[in-house]
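S.K.: Got a structure for you, upload18.cif, holding mmCIF, C-alpha atoms.
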data_upload
#
loop_
_atom_site.label_atom_id
_atom_site.label_comp_id
_atom_site.auth_asym_id
_atom_site.auth_seq_id
_atom_site.Cartn_x
_atom_site.Cartn_y
_atom_site.Cartn_z
CA MET A 27 50.28 132.05 109.72
CA SER A 28 52.59 133.87 107.29
CA GLU A 29 55.41 133.66 109.84
CA THR A 30 55.01 129.89 110.00
CA PHE A 31 55.13 129.46 106.23
CA ALA A 32 58.02 131.91 105.92
CA ALA A 33 60.00 129.97 108.52
CA ARG A 34 59.33 126.70 106.72
CA ALA A 35 60.40 128.27 103.43
CA ALA A 36 63.66 129.47 104.97
CA ALA A 37 64.40 125.98 106.32
CA LEU A 38 63.62 124.37 102.98
CA ASP A 39 65.87 126.84 101.14
CA THR A 40 68.70 126.12 103.59
CA ALA A 41 68.42 122.39 102.88
CA ASP A 42 68.03 122.81 99.10
CA GLU A 43 70.93 121.12 97.26
CA LEU A 44 70.15 123.13 94.10
CA ALA A 45 69.92 126.54 95.78
CA ASP A 46 73.35 127.73 94.62
CA LEU A 47 72.29 127.39 90.97
CA ARG A 48 70.13 130.50 91.33
CA LYS A 49 73.20 132.73 91.17
CA LEU A 50 73.92 131.44 87.66
CA PHE A 51 70.90 133.40 86.37
CA THR A 52 70.07 137.05 85.82
CA LEU A 53 67.16 137.72 88.17
CA ASP A 54 65.76 140.70 90.03
CA ASP A 55 64.03 141.02 93.39
CA GLY A 56 60.74 139.74 92.03
CA VAL A 57 59.40 136.20 91.87
CA TYR A 58 59.63 134.76 88.38
CA LEU A 59 57.13 131.95 87.88
CA ASP A 60 56.88 132.06 84.09
CA GLY A 61 59.82 129.85 83.19
CA ASN A 62 57.32 127.47 81.63
CA SER A 63 56.94 130.13 78.90
CA LEU A 64 60.38 131.75 78.84
CA GLY A 65 63.28 130.70 81.02
CA ALA A 66 65.52 133.21 82.76
CA LEU A 67 68.82 134.32 81.24
CA PRO A 68 71.94 132.47 82.43
CA ARG A 69 74.46 135.13 83.43
CA HIS A 70 77.30 133.94 81.21
CA VAL A 71 75.33 133.81 77.95
CA PRO A 72 75.75 137.50 76.94
CA ALA A 73 79.55 137.17 77.03
CA ARG A 74 79.39 134.06 74.87
CA VAL A 75 77.07 135.75 72.37
CA GLN A 76 79.39 138.75 72.28
CA GLU A 77 82.30 136.43 71.47
CA VAL A 78 80.30 134.84 68.65
CA LEU A 79 79.45 138.27 67.26
CA THR A 80 82.84 139.92 67.51
CA ARG A 81 85.28 137.08 66.93
CA GLU A 82 83.52 134.19 65.22
CA TRP A 83 81.36 136.31 62.92
CA GLY A 84 83.25 139.63 63.03
CA GLU A 85 86.78 138.29 62.56
CA LEU A 86 86.63 134.72 61.29
CA ARG A 87 83.48 135.20 59.24
CA ILE A 88 82.93 132.28 56.82
CA ARG A 89 85.82 130.35 58.38
CA SER A 90 83.72 129.84 61.52
CA TRP A 91 81.62 127.17 59.85
CA ASP A 92 84.68 124.96 60.24
CA GLU A 93 87.01 126.64 62.71
CA SER A 94 84.32 127.54 65.26
CA GLY A 95 82.27 124.39 64.80
CA TRP A 96 79.19 126.10 63.42
CA TRP A 97 78.42 123.35 60.92
CA THR A 98 78.21 120.57 63.50
CA ALA A 99 76.34 122.63 66.12
CA PRO A 100 72.88 121.06 65.51
CA GLU A 101 74.10 117.56 66.36
CA ARG A 102 76.57 118.66 69.05
CA ILE A 103 73.91 120.61 70.93
CA GLY A 104 71.46 117.76 70.39
CA ASP A 105 73.87 115.53 72.27
CA ARG A 106 73.92 118.09 75.12
CA ILE A 107 70.13 117.90 75.38
CA ALA A 108 69.99 114.11 75.07
CA PRO A 109 70.79 113.27 78.74
CA LEU A 110 68.08 115.69 79.90
CA VAL A 111 65.41 113.69 78.05
CA GLY A 112 66.88 110.23 78.56
CA ALA A 113 68.36 109.67 75.11
CA ALA A 114 71.68 108.29 73.97
CA ALA A 115 73.87 110.45 71.75
CA GLY A 116 73.22 110.64 68.02
CA GLN A 117 69.43 110.77 68.16
CA ILE A 118 68.65 114.48 68.57
CA VAL A 119 69.21 117.31 66.14
CA VAL A 120 68.63 120.96 67.06
CA GLY A 121 67.07 123.41 64.63
CA ASP A 122 63.88 124.96 63.31
CA SER A 123 60.83 125.63 65.50
CA THR A 124 58.75 123.18 67.48
CA SER A 125 55.97 123.54 64.91
CA VAL A 126 58.27 122.62 62.03
CA ASN A 127 59.62 119.64 63.95
CA VAL A 128 56.10 118.46 64.80
CA PHE A 129 55.36 118.47 61.08
CA LYS A 130 58.53 116.50 60.29
CA ALA A 131 57.82 113.99 63.06
CA VAL A 132 54.14 113.34 62.29
CA VAL A 133 54.58 113.01 58.53
CA ALA A 134 57.72 110.90 58.87
CA ALA A 135 56.03 108.67 61.45
CA SER A 136 53.06 108.14 59.13
CA ARG A 137 55.53 107.02 56.45
CA LEU A 138 57.19 104.65 58.91
CA ALA A 139 53.89 103.07 59.95
CA PRO A 140 52.88 99.70 58.50
CA GLU A 141 50.90 99.63 55.26
CA GLY A 142 47.15 100.11 55.54
CA ARG A 143 47.19 102.33 58.61
CA ASP A 144 45.44 105.58 57.83
CA GLU A 145 44.64 107.29 61.13
CA ILE A 146 46.55 109.98 63.01
CA LEU A 147 45.42 110.38 66.61
CA VAL A 148 46.12 113.74 68.19
CA ASP A 149 45.78 114.94 71.76
CA ALA A 150 42.42 116.75 71.81
CA THR A 151 43.68 119.07 74.56
CA THR A 152 46.93 119.86 72.80
CA PHE A 153 48.62 123.19 72.33
CA PRO A 154 46.84 124.62 69.27
CA THR A 155 49.81 124.50 66.88
CA ASP A 156 50.23 120.75 67.36
CA GLY A 157 46.60 120.32 66.37
CA TYR A 158 46.94 122.59 63.35
CA ILE A 159 50.05 120.74 62.17
CA ALA A 160 48.48 117.33 62.72
CA GLU A 161 45.44 118.38 60.72
CA SER A 162 47.61 119.61 57.85
CA ALA A 163 49.72 116.44 57.96
CA ALA A 164 46.57 114.34 57.79
CA ARG A 165 45.35 116.22 54.72
CA MET A 166 48.70 115.87 52.99
CA THR A 167 49.07 112.16 53.70
CA GLY A 168 45.43 111.23 53.11
CA HIS A 169 45.06 110.09 56.70
CA ARG A 170 42.04 110.56 58.93
CA LEU A 171 42.60 112.82 61.93
CA VAL A 172 41.13 111.60 65.22
CA PRO A 173 41.25 114.01 68.21
CA VAL A 174 41.28 112.06 71.47
CA ALA A 175 41.92 112.89 75.11
CA PRO A 176 45.16 111.26 76.32
CA GLY A 177 43.28 109.19 78.88
CA ASP A 178 41.08 107.77 76.13
CA VAL A 179 43.96 106.64 73.90
CA PRO A 180 43.78 102.97 75.03
CA GLY A 181 40.24 102.73 73.73
CA ALA A 182 40.91 104.70 70.56
CA VAL A 183 43.99 103.01 69.08
CA GLY A 184 43.49 100.08 66.76
CA PRO A 185 44.50 98.40 63.50
CA ARG A 186 44.12 101.65 61.55
CA THR A 187 46.29 103.74 63.88
CA ALA A 188 49.47 104.95 62.24
CA VAL A 189 50.63 107.71 64.60
CA VAL A 190 49.63 109.12 67.96
CA LEU A 191 50.78 112.67 68.79
CA LEU A 192 50.64 113.50 72.50
CA ASN A 193 51.84 116.17 74.91
CA HIS A 194 53.86 114.98 77.87
CA VAL A 195 52.53 117.83 80.04
CA ASP A 196 49.31 119.71 79.32
CA PHE A 197 50.08 123.38 78.79
CA ARG A 198 46.90 124.61 80.48
CA THR A 199 46.54 122.38 83.51
CA GLY A 200 50.09 121.13 84.11
CA ARG A 201 48.84 117.53 84.03
CA LEU A 202 51.63 115.00 83.37
CA HIS A 203 50.53 112.25 81.03
CA ASP A 204 51.70 108.65 81.25
CA LEU A 205 54.44 108.55 78.62
CA PRO A 206 55.62 104.99 79.39
CA GLY A 207 52.12 103.51 79.55
CA LEU A 208 50.68 105.34 76.56
CA THR A 209 53.73 104.61 74.42
CA ALA A 210 53.38 100.91 75.24
CA THR A 211 49.67 101.05 74.41
CA VAL A 212 50.34 102.66 71.02
CA HIS A 213 53.00 100.07 70.23
CA ALA A 214 50.73 97.21 71.25
CA ALA A 215 48.24 98.48 68.66
CA GLY A 216 50.98 98.62 66.01
CA GLY A 217 51.30 102.41 65.79
CA LEU A 218 54.09 104.91 66.44
CA ALA A 219 54.22 107.34 69.36
CA VAL A 220 55.29 110.96 68.87
CA TRP A 221 55.65 113.09 72.02
CA ASP A 222 55.79 116.85 72.49
CA LEU A 223 58.16 117.55 75.41
CA CYS A 224 57.90 121.36 75.51
CA HIS A 225 56.56 121.45 79.07
CA SER A 226 58.57 118.57 80.51
CA ALA A 227 62.16 118.66 79.20
CA GLY A 228 64.34 120.25 81.87
CA ALA A 229 61.72 119.85 84.57
CA LEU A 230 61.43 116.08 85.00
CA PRO A 231 62.87 112.79 83.73
CA VAL A 232 61.49 111.78 80.32
CA GLY A 233 63.18 108.48 79.45
CA LEU A 234 62.82 108.51 75.67
CA ASP A 235 65.10 105.52 75.10
CA ALA A 236 64.00 103.57 78.16
CA HIS A 237 60.33 103.80 77.21
CA GLY A 238 60.77 103.13 73.50
CA VAL A 239 59.46 106.46 72.20
CA ASP A 240 59.61 106.61 68.40
CA LEU A 241 59.93 110.34 67.75
CA ALA A 242 59.77 113.42 69.96
CA VAL A 243 60.01 117.18 69.66
CA GLY A 244 60.56 119.98 72.11
CA CYS A 245 61.39 123.64 72.51
CA THR A 246 64.42 125.00 74.36
CA TYR A 247 63.24 128.41 75.62
CA LYS A 248 61.23 127.16 78.60
CA TYR A 249 62.92 125.01 81.25
CA LEU A 250 66.11 124.77 79.15
CA ASN A 251 66.52 128.58 79.28
CA GLY A 252 67.74 128.90 75.68
CA GLY A 253 66.30 132.36 75.07
CA PRO A 254 63.30 133.75 73.18
CA GLY A 255 62.77 131.86 69.95
CA SER A 256 65.73 129.55 70.56
CA PRO A 257 65.74 126.57 68.19
CA ALA A 258 63.74 123.44 68.92
CA TYR A 259 64.89 119.85 68.62
CA LEU A 260 63.84 116.60 66.98
CA TYR A 261 64.44 113.13 68.42
CA VAL A 262 64.38 110.13 66.09
CA ALA A 263 65.03 106.81 67.79
CA GLU A 264 68.10 105.11 66.34
CA ARG A 265 66.05 102.13 65.16
CA HIS A 266 64.03 104.42 62.87
CA GLN A 267 66.81 106.58 61.48
CA ALA A 268 67.65 104.53 58.40
CA ALA A 269 64.01 104.65 57.26
CA PHE A 270 63.26 108.21 58.46
CA ASP A 271 61.80 110.01 55.44
CA SER A 272 61.62 113.72 56.18
CA PRO A 273 58.87 115.72 54.48
CA LEU A 274 61.32 118.66 54.44
CA PRO A 275 64.50 117.33 52.80
CA GLY A 276 66.80 120.34 52.90
CA TRP A 277 70.31 120.72 51.63
CA THR A 278 71.95 120.44 55.06
CA SER A 279 70.44 116.98 55.56
CA HIS A 280 71.92 115.75 52.28
CA ALA A 281 74.61 113.07 52.47
CA ASP A 282 76.94 115.42 50.59
CA PRO A 283 75.50 118.91 51.03
CA PHE A 284 78.22 120.78 49.18
CA ALA A 285 77.94 118.60 46.10
CA MET A 286 74.80 120.63 45.28
CA ASP A 287 73.36 117.56 43.62
CA PRO A 288 69.82 118.02 42.24
CA GLY A 289 68.96 114.54 43.50
CA TYR A 290 68.36 114.15 47.22
CA ALA A 291 70.33 111.50 49.11
CA PRO A 292 69.72 111.64 52.88
CA ALA A 293 72.59 111.69 55.34
CA ASP A 294 72.92 109.05 58.02
CA GLY A 295 71.79 109.46 61.61
CA SER A 296 70.16 112.46 63.25
CA VAL A 297 71.48 114.75 60.48
CA ARG A 298 68.44 113.62 58.46
CA GLY A 299 66.33 115.86 60.65
CA ARG A 300 68.07 119.03 59.44
CA VAL A 301 66.59 121.28 56.76
CA GLY A 302 68.31 124.59 56.02
CA THR A 303 71.18 126.70 57.28
CA PRO A 304 71.34 126.62 61.11
CA ASP A 305 70.37 129.73 63.09
CA ILE A 306 73.83 130.17 64.51
CA LEU A 307 73.37 133.12 66.87
CA SER A 308 70.40 131.67 68.73
CA MET A 309 71.81 128.15 68.52
CA LEU A 310 75.10 129.08 70.16
CA ALA A 311 73.30 131.11 72.82
CA LEU A 312 71.35 127.93 73.59
CA GLU A 313 74.55 125.90 73.72
CA ALA A 314 76.00 128.29 76.28
CA ALA A 315 72.77 128.30 78.30
CA LEU A 316 72.94 124.52 78.64
CA ASP A 317 76.13 124.93 80.71
CA VAL A 318 73.96 125.51 83.79
CA TRP A 319 73.01 121.82 83.61
CA ASP A 320 76.56 120.56 84.06
CA GLY A 321 76.54 118.11 86.97
CA VAL A 322 72.83 118.62 87.71
CA PRO A 323 70.82 115.36 87.96
CA VAL A 324 67.36 115.59 86.41
CA GLU A 325 66.10 113.44 89.29
CA ALA A 326 67.12 116.13 91.80
CA VAL A 327 65.35 118.75 89.69
CA ARG A 328 62.20 116.64 89.70
CA ALA A 329 62.32 116.16 93.47
CA LYS A 330 62.62 119.91 94.02
CA SER A 331 59.89 120.63 91.46
CA LEU A 332 57.44 118.44 93.35
CA ALA A 333 58.45 119.98 96.67
CA LEU A 334 57.98 123.50 95.28
CA THR A 335 54.59 122.79 93.78
CA ASP A 336 53.44 120.91 96.90
CA PHE A 337 54.42 123.90 99.04
CA PHE A 338 52.75 126.37 96.68
CA LEU A 339 49.48 124.43 96.72
CA GLU A 340 49.61 124.30 100.52
CA CYS A 341 50.32 128.04 100.80
CA VAL A 342 47.58 128.93 98.32
CA GLY A 343 45.16 126.82 100.32
CA ALA A 344 46.05 128.83 103.41
CA TYR A 345 46.35 132.33 101.92
CA ALA A 346 43.70 132.46 99.20
CA PRO A 347 40.12 133.36 100.13
CA GLU A 348 37.94 130.26 100.04
CA GLY A 349 36.21 129.45 96.77
CA VAL A 350 37.86 132.14 94.63
CA VAL A 351 40.38 129.84 92.90
CA VAL A 352 40.45 126.07 92.47
CA PRO A 353 43.59 124.08 91.52
CA VAL A 354 43.21 122.22 88.23
CA THR A 355 46.72 120.76 88.40
CA PRO A 356 46.57 117.20 89.79
CA GLN A 357 47.56 116.63 93.40
CA ALA A 358 49.15 113.24 92.59
CA HIS A 359 52.88 113.53 91.88
CA ALA A 360 52.69 110.99 89.06
CA GLU A 361 50.21 113.26 87.27
CA ARG A 362 51.86 116.65 87.84
CA GLY A 363 54.39 118.51 85.73
CA SER A 364 56.27 121.56 87.04
CA GLN A 365 53.49 124.12 86.98
CA VAL A 366 50.39 124.86 89.02
CA SER A 367 47.26 126.11 87.31
CA LEU A 368 44.44 127.72 89.27
CA ARG A 369 40.99 128.23 87.82
CA CYS A 370 39.21 131.42 88.84
CA GLU A 371 35.60 130.75 89.78
CA ASP A 372 34.80 134.20 88.33
CA ALA A 373 36.49 134.23 84.91
CA GLY A 374 36.22 138.02 84.84
CA ILE A 375 38.86 138.44 87.53
CA THR A 376 41.54 136.34 85.81
CA GLU A 377 43.24 139.14 83.90
CA PRO A 378 42.97 141.75 86.69
CA VAL A 379 44.48 139.27 89.13
CA MET A 380 47.46 138.50 86.91
CA ARG A 381 48.03 142.18 86.12
CA ALA A 382 48.03 142.98 89.83
CA LEU A 383 50.40 140.12 90.61
CA ILE A 384 52.89 141.26 88.00
CA ALA A 385 52.66 144.84 89.26
CA ARG A 386 53.64 143.54 92.71
CA GLY A 387 56.60 141.56 91.45
CA VAL A 388 55.10 138.09 91.05
CA VAL A 389 55.25 137.07 87.39
CA GLY A 390 53.05 134.27 86.12
CA ASP A 391 50.74 134.15 83.13
CA LEU A 392 47.19 133.17 82.22
CA ARG A 393 45.26 131.15 79.72
CA ARG A 394 41.87 132.56 78.85
CA PRO A 395 39.24 132.49 79.98
CA ASP A 396 39.91 131.56 83.60
CA VAL A 397 43.28 129.89 84.29
CA LEU A 398 46.19 131.43 86.20
CA ARG A 399 49.47 129.59 85.46
CA PHE A 400 52.57 129.46 87.61
CA GLY A 401 55.67 127.66 86.38
CA PHE A 402 58.35 126.45 88.79
CA THR A 403 61.89 126.20 87.41
CA PRO A 404 63.85 124.38 90.12
CA LEU A 405 67.21 125.73 88.97
CA TYR A 406 66.35 129.23 90.17
CA VAL A 407 63.04 129.25 92.04
CA GLY A 408 63.27 128.88 95.82
CA PHE A 409 60.81 128.15 98.59
CA ALA A 410 60.81 131.75 99.82
CA ASP A 411 59.71 132.71 96.31
CA VAL A 412 56.85 130.24 96.59
CA GLU A 413 55.66 131.56 99.96
CA ARG A 414 55.82 135.17 98.76
CA ALA A 415 53.97 134.38 95.53
CA ALA A 416 51.15 132.58 97.35
CA ARG A 417 50.88 135.33 99.98
CA VAL A 418 50.69 138.11 97.36
CA LEU A 419 48.22 136.04 95.36
CA GLY A 420 46.00 135.74 98.43
CA GLU A 421 46.11 139.50 98.95
CA VAL A 422 45.31 140.23 95.31
CA LEU A 423 42.49 137.70 95.17
CA SER A 424 40.92 139.23 98.26
CA GLU A 425 41.11 142.71 96.77
CA VAL A 426 40.02 141.90 93.22
CA SER A 427 37.27 139.45 94.15
CA GLY A 428 36.05 141.91 96.80
CA ARG A 429 35.77 144.68 94.20
CA ALA A 430 33.95 142.31 91.84
CA LEU A 431 31.49 141.39 94.59
CA ASP A 432 30.95 145.07 95.45
CA GLY A 433 30.12 145.70 91.82
CA VAL A 434 27.52 142.95 91.78
CA LEU A 435 25.96 144.13 95.04
CA GLY A 436 25.88 147.65 93.69
CA GLU A 437 23.74 146.53 90.78
CA VAL A 438 21.14 144.82 93.01
#
Can you dump the structure from the file as structure tokens?

M.R.:
Amino acid sequence: MSETFAARAAALDTADELADLRKLFTLDDGVYLDGNSLGALPRHVPARVQEVLTREWGELRIRSWDESGWWTAPERIGDRIAPLVGAAAGQIVVGDSTSVNVFKAVVAASRLAPEGRDEILVDATTFPTDGYIAESAARMTGHRLVPVAPGDVPGAVGPRTAVVLLNHVDFRTGRLHDLPGLTATVHAAGGLAVWDLCHSAGALPVGLDAHGVDLAVGCTYKYLNGGPGSPAYLYVAERHQAAFDSPLPGWTSHADPFAMDPGYAPADGSVRGRVGTPDILSMLALEAALDVWDGVPVEAVRAKSLALTDFFLECVGAYAPEGVVVPVTPQAHAERGSQVSLRCEDAGITEPVMRALIARGVVGDLRRPDVLRFGFTPLYVGFADVERAARVLGEVLSEVSGRALDGVLGEV
């Protein structure tokens, strides 16, 4: 059986139009399936960072704000990200963390909403920080917070809905939510849609402009490979920019920042999303990392992502002992992001399984109490990686679940 899957993997890798991109990254002999938490390092980034350190900072120093383009980096890099999420130029600014940008987006959206709307709906299954931020934003604005599952949004929105904050892909299960349909539903009810793209940008087409999204946020250290803690981004649709009222009006978003005026006058365009001094070292590392996307169609990335995850699910079905793990990631392509999550029937084996996998060169991660997560970054993950990961997983599951069963029988 393993020979059959290995042969299929080899054929798929031979036909893969994105296969050559793997050599752009720093990888070892293992299988790295945790790019949905931290993307791999593009090989050329260290040299670029060294140049920033030695020449731009070391030699030019303060002159680099102008001569090296530091000051305009947040908007320039935002325009590099824009095509990857289906946005025209001038609508994305890079800076701050995802959490800070969620706060900006939710509060600003509540201020953009029509008078009399006092509810903020938040994805009940969201990544915890989004929920914390939404709760704080609701307290500050006097709005009522309503947690709701994404599938229940059509029945929950109404005349009191100001903002709906949703995740494009669920971080636990890898479920892809219906961004076009849910955005249209929110708009039909008169509210604004804010989307968190952390687990979708760089893995699949998003279509922010095409689907009329109001505001969106995302991180850059997952599928965009920007590096640990690399700055996040904020999208504000052009139609909202003139009225965008940031709850964090910093000096770099001022219309004339160097006037040092005590009165705040917001700049035009995406610059309004800025707050303080840009994090230049991490920002320019991100800018360099984005070079790997030159000439790469997001549609091709999505096609490979689905092929990889299809193949992984098939291999797991063949290699894993029956009943030990169950996929919680949807089978339907329209409902699947770029990760596969497997629920362990015995929650107690989840951590031992992942530790054993990592020790054998297959790196994924887990979400307590019982979910094993595997992220598939199409730019550098191949089909042979998928077959090996599933085969090793099957071996580990057999060993760990067997020991667990022996322990139970020993107590009888």

S.K.: Taking 3 positions as the minimum chain separation for residues in the same chain, which residues sit within 7 Å of Arg186 (chain A) when counting only C-alpha atoms? Answer as a PDB file with C-alpha atoms, in the frame of the given file.

M.R.:
ATOM      1  CA  GLY A 142      47.150 100.110  55.540  1.00  0.00           C
ATOM      2  CA  ARG A 143      47.190 102.330  58.610  1.00  0.00           C
ATOM      3  CA  ASP A 144      45.440 105.580  57.830  1.00  0.00           C
ATOM      4  CA  GLU A 145      44.640 107.290  61.130  1.00  0.00           C
TER       5      GLU A 145
END

S.K.: For CA of Pro206 (chain A) and CA of Asn193 (chain A), quote the distance in Å rounded to one decimal.

M.R.: 12.6 Å

S.K.: Between A:Val350, A:Gly200, A:Asn251, A:Ser256, which is the closest to Thr52 (chain A) once you count all atoms listed in the file?

M.R.: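 So, comparing all the options, the nearest one is A:Asn251.
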
S.K.: Fewer than 4 positions away in the same chain doesn't count, so skip those; otherwise give me all residues within 7 Å of region 120-135 of chain A, counting all atoms listed in the file, as a list in words.

M.R.: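 Within the cut-off, the hits are Pro100, Glu101, Ile103, Gly104, Ala139, Thr155, Asp156, Ile159, Ala160, Ala163, Val189, Leu218, Leu241, Val243, Gly244, Cys245, Pro257, Ala258, Tyr259, Leu260, Phe270, Asp271, Ser272, Pro273, Leu274, Arg300 and Pro304 of chain A.
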
S.K.: Choose the residue, out of A:Ala215, A:Val111, A:Leu230, A:Leu250, that has the smallest atom-to-atom separation from Leu312 (chain A); count only C-alpha atoms.

M.R.: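 Comparing A:Ala215, A:Val111, A:Leu230, A:Leu250 against Leu312 (chain A), the winner is A:Leu250.
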
S.K.: Which is closer to Val412 (chain A) than all the others in A:Gly84, A:Pro292, A:Gly56, A:Gly177, using only C-alpha atoms?

M.R.: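 Looking at the shortest contact to Val412 (chain A), the residue is A:Gly56.
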
S.K.: Tell me which protein, DNA and RNA residues are within 7 Å of Leu64 (chain A), counting all atoms listed in the file, leaving out same-chain ones fewer than 5 positions away, and put them as an NGL selection string.

M.R.: :A and (247-248 or 251 or 254)

S.K.: Now that the selection is made, can you save its residues with C-alpha atoms as a short mmCIF file (atom, residue, chain, number, x, y, z; two decimals), in the frame of the given file?

M.R.:
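Written file, part37.cif:
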data_model
loop_
_atom_site.label_atom_id
_atom_site.label_comp_id
_atom_site.auth_asym_id
_atom_site.auth_seq_id
_atom_site.Cartn_x
_atom_site.Cartn_y
_atom_site.Cartn_z
CA TYR A 247 63.24 128.41 75.62
CA LYS A 248 61.23 127.16 78.60
CA ASN A 251 66.52 128.58 79.28
CA PRO A 254 63.30 133.75 73.18
#
